[in-house]
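S.K.: Compact mmCIF, C-alpha atoms and all ligand atoms, saved as data-v9.txt, coming up:
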# COMPACT_ATOMS: atom_id res chain seq x y z
CA MET A 1 107.27 109.00 95.74
CA ASN A 2 107.56 106.69 98.73
CA ARG A 3 104.97 103.93 98.78
CA TYR A 4 106.14 102.01 101.82
CA PHE A 5 103.39 102.06 104.45
CA ASP A 6 104.51 99.32 106.81
CA PHE A 7 106.83 101.15 109.19
CA ASN A 8 105.33 99.31 112.19
CA ALA A 9 106.67 96.05 110.71
CA THR A 10 110.14 97.44 110.12
CA THR A 11 111.94 100.55 108.90
CA PRO A 12 114.74 101.11 106.39
CA LEU A 13 118.19 101.65 107.89
CA LEU A 14 118.92 105.36 108.31
CA PRO A 15 122.05 106.53 106.41
CA GLN A 16 123.53 107.76 109.72
CA ALA A 17 123.02 104.31 111.27
CA ARG A 18 124.56 102.65 108.23
CA ASP A 19 127.63 104.91 108.47
CA ALA A 20 127.95 104.19 112.19
CA TRP A 21 127.66 100.44 111.55
CA LEU A 22 130.31 100.49 108.79
CA ARG A 23 132.70 102.61 110.86
CA ALA A 24 132.33 100.32 113.85
CA ASN A 25 132.97 97.26 111.69
CA GLU A 26 136.01 98.81 110.02
CA LYS A 27 137.68 100.29 113.08
CA HIS A 28 136.27 98.60 116.17
CA TRP A 29 135.65 95.02 115.11
CA HIS A 30 137.75 93.64 117.94
CA ASN A 31 136.22 91.52 120.65
CA PRO A 32 135.37 93.95 123.48
CA SER A 33 136.33 91.25 126.01
CA SER A 34 139.91 90.91 124.73
CA LEU A 35 142.71 92.57 126.66
CA TYR A 36 144.73 94.60 124.13
CA ARG A 37 144.30 98.26 123.41
CA ASP A 38 142.04 98.06 120.33
CA ALA A 39 139.66 95.74 122.16
CA GLY A 40 139.64 98.12 125.10
CA ILE A 41 138.61 100.93 122.78
CA ALA A 42 135.73 98.81 121.41
CA SER A 43 134.67 98.04 124.98
CA GLN A 44 134.80 101.73 125.95
CA MET A 45 132.78 102.69 122.90
CA LEU A 46 130.19 100.05 123.75
CA GLU A 47 129.89 101.54 127.25
CA ALA A 48 129.68 105.04 125.75
CA ALA A 49 126.81 103.84 123.53
CA ARG A 50 125.08 102.48 126.66
CA GLU A 51 125.41 105.92 128.30
CA ARG A 52 124.05 107.65 125.21
CA LEU A 53 121.04 105.30 125.11
CA GLY A 54 120.49 105.82 128.85
CA ASP A 55 120.37 109.60 128.23
CA LEU A 56 117.84 109.18 125.42
CA LEU A 57 115.57 106.97 127.56
CA GLY A 58 115.99 108.84 130.84
CA VAL A 59 117.47 105.82 132.69
CA ASP A 60 120.86 104.95 134.21
CA ALA A 61 123.06 103.21 131.66
CA GLY A 62 123.88 100.42 134.12
CA ARG A 63 120.29 99.22 133.84
CA ILE A 64 120.55 98.56 130.08
CA VAL A 65 121.19 95.08 128.66
CA PHE A 66 121.75 94.88 124.90
CA THR A 67 119.87 92.00 123.27
CA SER A 68 119.12 90.70 119.77
CA GLY A 69 115.83 92.61 119.76
CA ALA A 70 112.55 93.09 121.56
CA THR A 71 111.53 89.43 121.37
CA GLU A 72 114.64 88.36 123.26
CA ALA A 73 114.24 91.21 125.74
CA ASN A 74 110.66 90.20 126.51
CA ASN A 75 111.61 86.54 126.86
CA MET A 76 114.53 87.45 129.12
CA LEU A 77 112.27 89.41 131.45
CA PHE A 78 109.52 86.80 131.76
CA SER A 79 112.05 84.00 132.23
CA ALA A 80 113.19 85.86 135.34
CA PHE A 81 109.64 85.66 136.76
CA ALA A 82 109.35 81.92 136.11
CA GLY A 83 106.50 80.28 137.97
CA GLN A 84 105.20 83.59 139.35
CA PRO A 85 101.86 85.31 138.71
CA THR A 86 102.10 88.01 136.03
CA ALA A 87 99.49 90.30 134.51
CA ILE A 88 99.66 91.53 130.93
CA SER A 89 97.23 93.61 128.87
CA THR A 90 94.87 91.91 126.40
CA ILE A 91 96.58 93.54 123.41
CA GLU A 92 100.25 92.62 123.96
CA HIS A 93 102.55 91.56 121.13
CA PRO A 94 103.03 87.76 120.89
CA SER A 95 106.62 88.17 122.18
CA VAL A 96 105.15 89.29 125.51
CA ARG A 97 102.06 87.10 125.55
CA GLU A 98 103.78 83.85 124.56
CA ALA A 99 106.80 84.49 126.78
CA ALA A 100 104.49 85.25 129.72
CA ARG A 101 102.42 82.16 128.97
CA HIS A 102 105.47 79.93 128.70
CA TRP A 103 107.36 80.98 131.83
CA THR A 104 104.84 82.47 134.20
CA LYS A 105 101.32 82.11 135.56
CA MET A 106 100.01 84.75 133.23
CA ARG A 107 96.61 86.44 133.26
CA GLU A 108 95.36 89.15 130.97
CA PHE A 109 93.65 92.36 132.09
CA ASP A 110 92.17 95.54 130.65
CA ALA A 111 94.93 98.17 130.82
CA ARG A 112 92.28 100.84 131.53
CA GLY A 113 90.77 98.89 134.44
CA ASP A 114 91.98 97.72 137.86
CA ILE A 115 95.50 96.40 138.26
CA PRO A 116 95.44 92.76 139.40
CA ASP A 117 97.78 91.44 142.09
CA ALA A 118 100.88 90.07 140.40
CA ALA A 119 104.65 89.76 140.70
CA LEU A 120 104.98 91.71 137.43
CA VAL A 121 102.60 93.88 135.39
CA SER A 122 103.37 94.35 131.68
CA VAL A 123 101.52 96.82 129.45
CA MET A 124 102.84 97.97 126.10
CA ALA A 125 103.39 101.69 125.47
CA ALA A 126 101.89 101.73 121.97
CA ASN A 127 100.08 98.93 120.17
CA ASN A 128 101.64 97.74 116.93
CA GLU A 129 98.32 97.05 115.17
CA SER A 130 96.11 100.09 115.77
CA GLY A 131 98.72 102.44 117.23
CA GLU A 132 96.63 102.80 120.41
CA LEU A 133 98.64 104.54 123.14
CA LEU A 134 98.33 102.88 126.53
CA PRO A 135 98.39 104.82 129.81
CA TRP A 136 101.81 103.40 130.75
CA ARG A 137 102.92 106.44 132.76
CA GLU A 138 99.88 106.27 135.03
CA LEU A 139 100.13 102.46 135.27
CA ALA A 140 103.81 102.75 136.24
CA GLU A 141 102.85 105.10 139.08
CA ARG A 142 99.95 103.00 140.29
CA CYS A 143 102.10 99.86 140.21
CA ARG A 144 104.81 101.67 142.18
CA GLU A 145 102.23 102.59 144.86
CA LYS A 146 101.20 98.94 145.05
CA GLY A 147 104.80 97.74 145.08
CA ILE A 148 104.42 95.79 141.82
CA PRO A 149 107.25 95.96 139.26
CA PHE A 150 106.02 97.48 135.98
CA HIS A 151 107.26 96.60 132.49
CA THR A 152 106.41 98.34 129.25
CA ASP A 153 107.15 96.96 125.79
CA ALA A 154 107.95 100.33 124.20
CA THR A 155 109.00 98.85 120.85
CA GLN A 156 106.45 100.86 118.85
CA TRP A 157 106.70 104.04 120.95
CA ILE A 158 110.46 104.56 120.92
CA GLY A 159 111.41 106.47 117.78
CA LYS A 160 107.91 107.80 117.25
CA LEU A 161 107.24 109.74 120.47
CA ALA A 162 109.46 111.25 123.16
CA ALA A 163 111.01 108.39 125.14
CA ASP A 164 111.07 109.53 128.73
CA PHE A 165 110.69 106.20 130.46
CA GLY A 166 112.15 107.03 133.87
CA ALA A 167 108.93 105.96 135.63
CA CYS A 168 109.09 102.32 134.44
CA ASP A 169 110.94 99.45 136.12
CA TYR A 170 111.49 97.47 132.93
CA ILE A 171 111.52 98.71 129.32
CA THR A 172 111.84 96.86 126.01
CA GLY A 173 112.97 98.41 122.72
CA SER A 174 114.03 97.34 119.22
CA ALA A 175 116.40 99.10 116.79
CA HIS A 176 114.73 98.16 113.52
CA LYS A 177 111.57 100.05 114.43
CA PHE A 178 113.42 103.38 114.46
CA GLY A 179 115.86 103.23 111.55
CA GLY A 180 118.42 100.99 113.23
CA PRO A 181 119.54 97.51 112.15
CA LYS A 182 117.53 94.34 112.63
CA GLY A 183 118.69 92.01 115.38
CA ALA A 184 119.49 94.71 117.94
CA GLY A 185 117.46 95.84 120.93
CA PHE A 186 117.55 96.17 124.66
CA LEU A 187 115.95 95.46 128.00
CA VAL A 188 116.18 98.06 130.76
CA LEU A 189 116.25 96.44 134.21
CA ARG A 190 115.00 97.77 137.52
CA ASP A 191 118.42 98.73 138.85
CA GLU A 192 122.10 98.45 138.05
CA ASN A 193 122.62 95.49 140.35
CA GLU A 194 119.72 93.34 139.25
CA GLN A 195 120.81 90.00 137.83
CA MET A 196 118.86 87.96 135.34
CA ARG A 197 119.88 85.90 132.34
CA LEU A 198 118.20 84.05 129.53
CA ILE A 199 121.17 83.41 127.22
CA ARG A 200 123.80 81.53 129.22
CA GLY A 201 127.51 81.32 128.54
CA GLY A 202 130.23 83.94 128.95
CA PRO A 203 130.16 86.89 131.34
CA GLN A 204 129.28 89.59 128.77
CA GLU A 205 126.80 92.36 129.60
CA ASN A 206 127.64 92.08 133.29
CA GLY A 207 126.76 88.40 133.27
CA ARG A 208 123.24 89.21 132.08
CA ARG A 209 123.51 88.24 128.40
CA ALA A 210 126.19 85.87 127.13
CA GLY A 211 127.69 86.09 123.65
CA THR A 212 130.19 88.43 121.99
CA GLU A 213 128.71 91.90 122.01
CA ASN A 214 127.41 93.13 118.65
CA PHE A 215 129.04 96.53 119.00
CA PRO A 216 128.44 97.67 115.37
CA ALA A 217 124.71 96.96 115.72
CA VAL A 218 124.56 98.72 119.11
CA GLU A 219 126.43 101.74 117.72
CA ALA A 220 124.07 101.88 114.73
CA MET A 221 121.00 101.50 116.96
CA VAL A 222 121.98 104.35 119.28
CA THR A 223 122.97 106.56 116.34
CA ALA A 224 119.57 105.90 114.73
CA LEU A 225 117.72 106.96 117.87
CA GLU A 226 119.90 110.05 118.24
CA THR A 227 119.16 110.95 114.62
CA ILE A 228 115.42 110.42 114.85
CA THR A 229 114.74 111.97 118.27
CA PRO A 230 115.14 115.66 117.26
CA GLN A 231 112.82 115.05 114.29
CA LEU A 232 109.94 113.81 116.43
CA ALA A 233 108.76 117.30 117.39
CA SER A 234 107.74 117.93 113.79
CA CYS A 235 105.90 114.61 113.27
CA ASP A 236 102.14 114.81 113.49
CA ASP A 237 99.04 112.88 112.48
CA SER A 238 97.86 115.25 109.73
CA GLY A 239 98.92 112.95 106.87
CA ARG A 240 97.36 109.90 108.50
CA ASN A 241 94.17 111.87 109.22
CA ALA A 242 94.03 113.09 105.62
CA LEU A 243 94.20 109.46 104.48
CA GLU A 244 91.35 108.47 106.81
CA SER A 245 89.14 111.37 105.66
CA ALA A 246 89.82 110.59 102.01
CA LEU A 247 89.08 106.89 102.53
CA ARG A 248 85.86 107.63 104.43
CA ALA A 249 84.69 109.83 101.54
CA VAL A 250 85.26 107.04 98.99
CA PHE A 251 84.20 104.14 101.21
CA PRO A 252 81.24 105.09 103.39
CA GLY A 253 81.05 102.56 106.22
CA LEU A 254 84.83 102.26 106.59
CA ARG A 255 85.57 101.78 110.31
CA VAL A 256 88.80 102.95 111.93
CA ILE A 257 89.82 100.87 114.95
CA SER A 258 91.00 102.75 118.09
CA ALA A 259 89.83 106.04 116.50
CA GLU A 260 88.31 107.07 119.85
CA VAL A 261 91.53 106.74 121.87
CA PRO A 262 94.94 108.44 121.53
CA ARG A 263 97.00 106.80 118.79
CA LEU A 264 100.49 106.90 117.26
CA TRP A 265 100.61 109.64 114.60
CA ASN A 266 101.74 107.20 111.89
CA THR A 267 99.27 104.30 112.22
CA SER A 268 95.81 103.50 110.92
CA LEU A 269 94.02 100.18 111.36
CA PHE A 270 90.69 100.04 109.57
CA VAL A 271 87.98 97.67 108.41
CA MET A 272 87.19 97.99 104.71
CA PRO A 273 83.42 97.89 104.04
CA ARG A 274 83.86 95.13 101.43
CA HIS A 275 86.42 92.67 99.93
CA GLU A 276 88.97 90.67 101.90
CA ASN A 277 92.13 92.34 103.18
CA LEU A 278 94.45 90.12 101.14
CA LYS A 279 92.71 91.30 97.96
CA TRP A 280 93.32 94.91 98.97
CA LEU A 281 96.92 94.14 99.85
CA THR A 282 97.54 92.46 96.48
CA ARG A 283 95.94 95.29 94.48
CA LEU A 284 97.89 97.91 96.44
CA SER A 285 101.08 95.90 96.04
CA ARG A 286 100.61 95.86 92.25
CA ARG A 287 100.55 99.65 92.43
CA GLY A 288 103.81 99.63 94.40
CA PHE A 289 102.29 100.23 97.84
CA SER A 290 103.29 98.11 100.83
CA ILE A 291 100.56 97.71 103.44
CA SER A 292 99.67 95.03 105.99
CA THR A 293 96.78 92.88 107.05
CA GLY A 294 98.06 92.90 110.63
CA SER A 295 101.37 92.45 112.36
CA ALA A 296 104.04 90.66 110.31
CA CYS A 297 105.01 88.63 113.37
CA SER A 298 101.63 86.93 113.44
CA SER A 299 100.07 87.44 110.03
CA GLY A 300 97.89 84.55 109.05
CA LYS A 301 98.18 83.08 112.53
CA GLU A 302 96.14 83.29 115.68
CA GLY A 303 98.31 85.96 117.30
CA SER A 304 97.20 88.92 115.25
CA SER A 305 93.50 88.11 115.28
CA VAL A 306 93.48 87.76 119.07
CA VAL A 307 94.85 91.29 119.43
CA VAL A 308 92.72 92.84 116.69
CA THR A 309 89.65 91.23 118.28
CA ALA A 310 90.65 92.63 121.67
CA LEU A 311 90.98 96.02 119.97
CA GLY A 312 87.32 95.77 118.97
CA ALA A 313 87.02 94.04 115.58
CA THR A 314 84.24 91.46 115.25
CA PRO A 315 85.15 87.99 113.92
CA GLU A 316 83.36 88.92 110.71
CA GLU A 317 85.35 92.15 110.34
CA LEU A 318 88.72 90.45 110.89
CA ARG A 319 88.92 89.35 107.26
CA ARG A 320 88.66 92.94 106.09
CA VAL A 321 91.16 94.58 108.46
CA VAL A 322 93.99 96.57 106.89
CA ARG A 323 96.91 98.31 108.63
CA VAL A 324 98.92 101.17 107.19
CA SER A 325 101.83 102.81 108.99
CA GLY A 326 103.87 105.69 107.62
CA GLY A 327 107.34 106.99 108.40
CA TRP A 328 108.96 110.21 109.59
CA GLU A 329 109.30 111.59 106.08
CA THR A 330 106.00 110.39 104.63
CA THR A 331 104.33 113.46 103.14
CA LYS A 332 100.65 114.35 103.06
CA GLU A 333 100.78 113.91 99.27
CA GLU A 334 102.04 110.36 99.73
CA TRP A 335 99.25 109.59 102.23
CA LEU A 336 96.73 110.94 99.71
CA GLU A 337 98.33 108.91 96.90
CA LEU A 338 97.69 105.87 99.03
CA ALA A 339 94.04 106.89 99.41
CA SER A 340 93.76 107.24 95.60
CA ALA A 341 95.30 103.80 95.14
CA PHE A 342 92.67 102.35 97.50
CA ALA A 343 89.95 104.08 95.44
CA GLU A 344 91.33 102.59 92.19
CA ALA A 345 91.73 99.16 93.74
CA GLY A 346 88.17 99.38 95.10
CA ALA A 347 86.76 100.20 91.66
CA GLU A 348 88.62 97.21 90.19
CA LEU A 349 87.48 94.82 92.90
CA ASP A 350 83.87 96.02 92.66
CA ALA A 351 83.87 95.63 88.87
CA GLU A 352 85.23 92.10 89.13
CA ALA A 353 82.73 91.16 91.81
CA ASN A 354 79.88 92.55 89.65
CA ALA A 355 81.13 90.67 86.57
CA ARG A 356 81.23 87.45 88.59
CA ALA A 357 77.71 88.05 89.89
CA ASN A 358 76.41 88.71 86.35
CA GLN A 359 78.09 85.60 84.97
CA ASN A 360 76.54 83.49 87.63
CA PRO A 361 73.31 85.17 88.70
CA MET A 362 72.20 82.11 90.67
CA ALA A 363 75.33 82.06 92.84
N1 LIG B 401 106.96 94.15 120.56
C1 LIG B 401 106.24 94.89 119.70
C2 LIG B 401 105.16 95.79 120.22
C3 LIG B 401 106.51 94.83 118.33
O1 LIG B 401 105.80 95.56 117.48
C4 LIG B 401 107.54 93.96 117.87
C5 LIG B 401 107.89 93.85 116.39
N2 LIG B 401 106.79 93.53 115.58
C6 LIG B 401 108.25 93.20 118.81
C7 LIG B 401 107.93 93.34 120.15
C8 LIG B 401 109.35 92.25 118.40
O2 LIG B 401 110.50 92.97 118.06
P1 LIG B 401 111.80 92.29 117.44
O3 LIG B 401 111.53 92.22 115.97
O4 LIG B 401 112.91 93.24 117.77
O5 LIG B 401 112.00 90.99 118.08
Show how you would write the structure in this file as structure tokens.

M.R.:
Amino acid sequence: MNRYFDFNATTPLLPQARDAWLRANEKHWHNPSSLYRDAGIASQMLEAARERLGDLLGVDAGRIVFTSGATEANNMLFSAFAGQPTAISTIEHPSVREAARHWTKMREFDARGDIPDAALVSVMAANNESGELLPWRELAERCREKGIPFHTDATQWIGKLAADFGACDYITGSAHKFGGPKGAGFLVLRDENEQMRLIRGGPQENGRRAGTENFPAVEAMVTALETITPQLASCDDSGRNALESALRAVFPGLRVISAEVPRLWNTSLFVMPRHENLKWLTRLSRRGFSISTGSACSSGKEGSSVVVTALGATPEELRRVVRVSGGWETTKEEWLELASAFAEAGAELDAEANARANQNPMA
């Protein structure tokens, strides 16, 4: 029985990715920039991995820059628009919002409203908190008509839905969200000749990202996406929906955020009708379940609450918001087990609250 329900925070390494990583480290550990034969093979394999990723994403391989993850990719992009006006959606991940705020003259806008004038528009493909899917395809087209470069942070989309991103100018992704290793990701640039750099030093990655290439991580990342992609056709939201129905039956008044818009099949963000989210998390954790009170990158800090508020939670509801996110192999039974664990935890929390009230009737 799998009780891990925090796949939007990170995913376990797929066995295929682990094998690819080990093989690369055993056989192709040489520095791809060195000049002897073994290094040349590592360099060729790195370029082959770039081609394979390009095929999966529907973009030319020459546009891909390998990075240490999505945070670096987002920072790299915004650093290239330093001092310029940029427009980002109100529900971006902190790695977009803070990078945009630091380097650019950033403003936020409603991704379903008018596109503001800007040197760059950035709207995520899928939101990490509620799973809301954003109309990135349509935005990419409208931006193209207006002549504005369009970026999508597709970190939560890639590995969960088909990744045909040919319409976007810039794309961000991260390996550890789809069964690859942590510390690997990529930024897709507008064209093969575009130059930008955040990490300065040697001429690696066509002068766009200095530092010895992490070929084993790249190989494992691409293998993970190749492994997961054929499985996506059979992933659907029935398990997640079963959880929500079961929870609504036990907890009348439970409110699901983003329920009225298209969402990732694996994600549910909801407001419990009573008790603080940390209490729920602790009770669930005692039963072996891993859930979240909001994105790990910003839990307990301003970042998460800004986004969850923009998604429609009131300040009062914020304290009761819980996020659960399943994986590719999570079964309906496991989703329903989670619902039962919430019911048990709720009975415990209610009983304790009643006992406290009886002990101290004046309080
Ligand atoms: N963007 C989004 C939408 C994310 O969910 C995350 C991870 N929480 C990131 C960016 C950052 O990714 P990384 O861990 O690869 O830096």

S.K.: If you count only C-alpha atoms, which residues fall within 9 Å of A:Ala163, apart from same-chain ones fewer than 4 positions away, as a PyMOL selection string?

M.R.: chain A and resi 56-58+154+157-159+229

S.K.: Which chains and residue numbers are within 6 Å of ligand LIG 401 (chain B), counting only C-alpha atoms and all ligand atoms, if I want them as an MDAnalysis selection string?

M.R.: chainID A and resid 9 69:71 93 95 127:128 153 155:156 174 297

S.K.: So that I can see what lies close to A:Leu264, please list as a ChimeraX atom specification the residues with an atom at most 7 Å from it, counting all atoms listed in the file and leaving out residues fewer than 3 positions away in the same chain.

M.R.: /A:131-133,267

S.K.: Just how far from atom CA of A:Gly326 is atom CA of A:Asp236, in Å to one decimal?

M.R.: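 Going from atom CA of A:Asp236 over to atom CA of A:Gly326 covers 11.0 Å.
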
S.K.: With distances taken over all atoms listed in the file, which of A:Leu278, A:Ala61, A:Val121, A:Ala73 is nearest to A:Leu139?

M.R.: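 Closest to A:Leu139 of all the choices is A:Val121.
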
S.K.: Quick one, how far is atom CA of A:Phe186 from atom CA of A:Ser304?

M.R.: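 Separating atom CA of A:Phe186 from atom CA of A:Ser304 is a distance of 23.6 Å.
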
S.K.: Hey, which of A:Met1, A:Ala355, A:Val59, A:Ala220 ends up closest to A:Glu333? Count only C-alpha atoms.

M.R.: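 So, comparing all the options, the nearest one is A:Met1.
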
S.K.: One number please: atom CA of A:Phe251 to atom CA of A:Arg274, in Å, one decimal.

M.R.: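 Distance reported for this atom pair: 9.0 Å.
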
S.K.: Using all atoms listed in the file, which residue out of A:Glu219, A:Asp350, A:Ser292, A:Ala224 lies closest to A:His275?

M.R.: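 The closest residue to A:His275 is A:Asp350.
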
S.K.: For A:Ile228, work out the shell of residues within 9 Å, counting all atoms listed in the file and skipping chain neighbours fewer than 6 positions away, then give it as a VMD selection string.

M.R.: chain A and resid 14 159 to 160 178 to 179 328
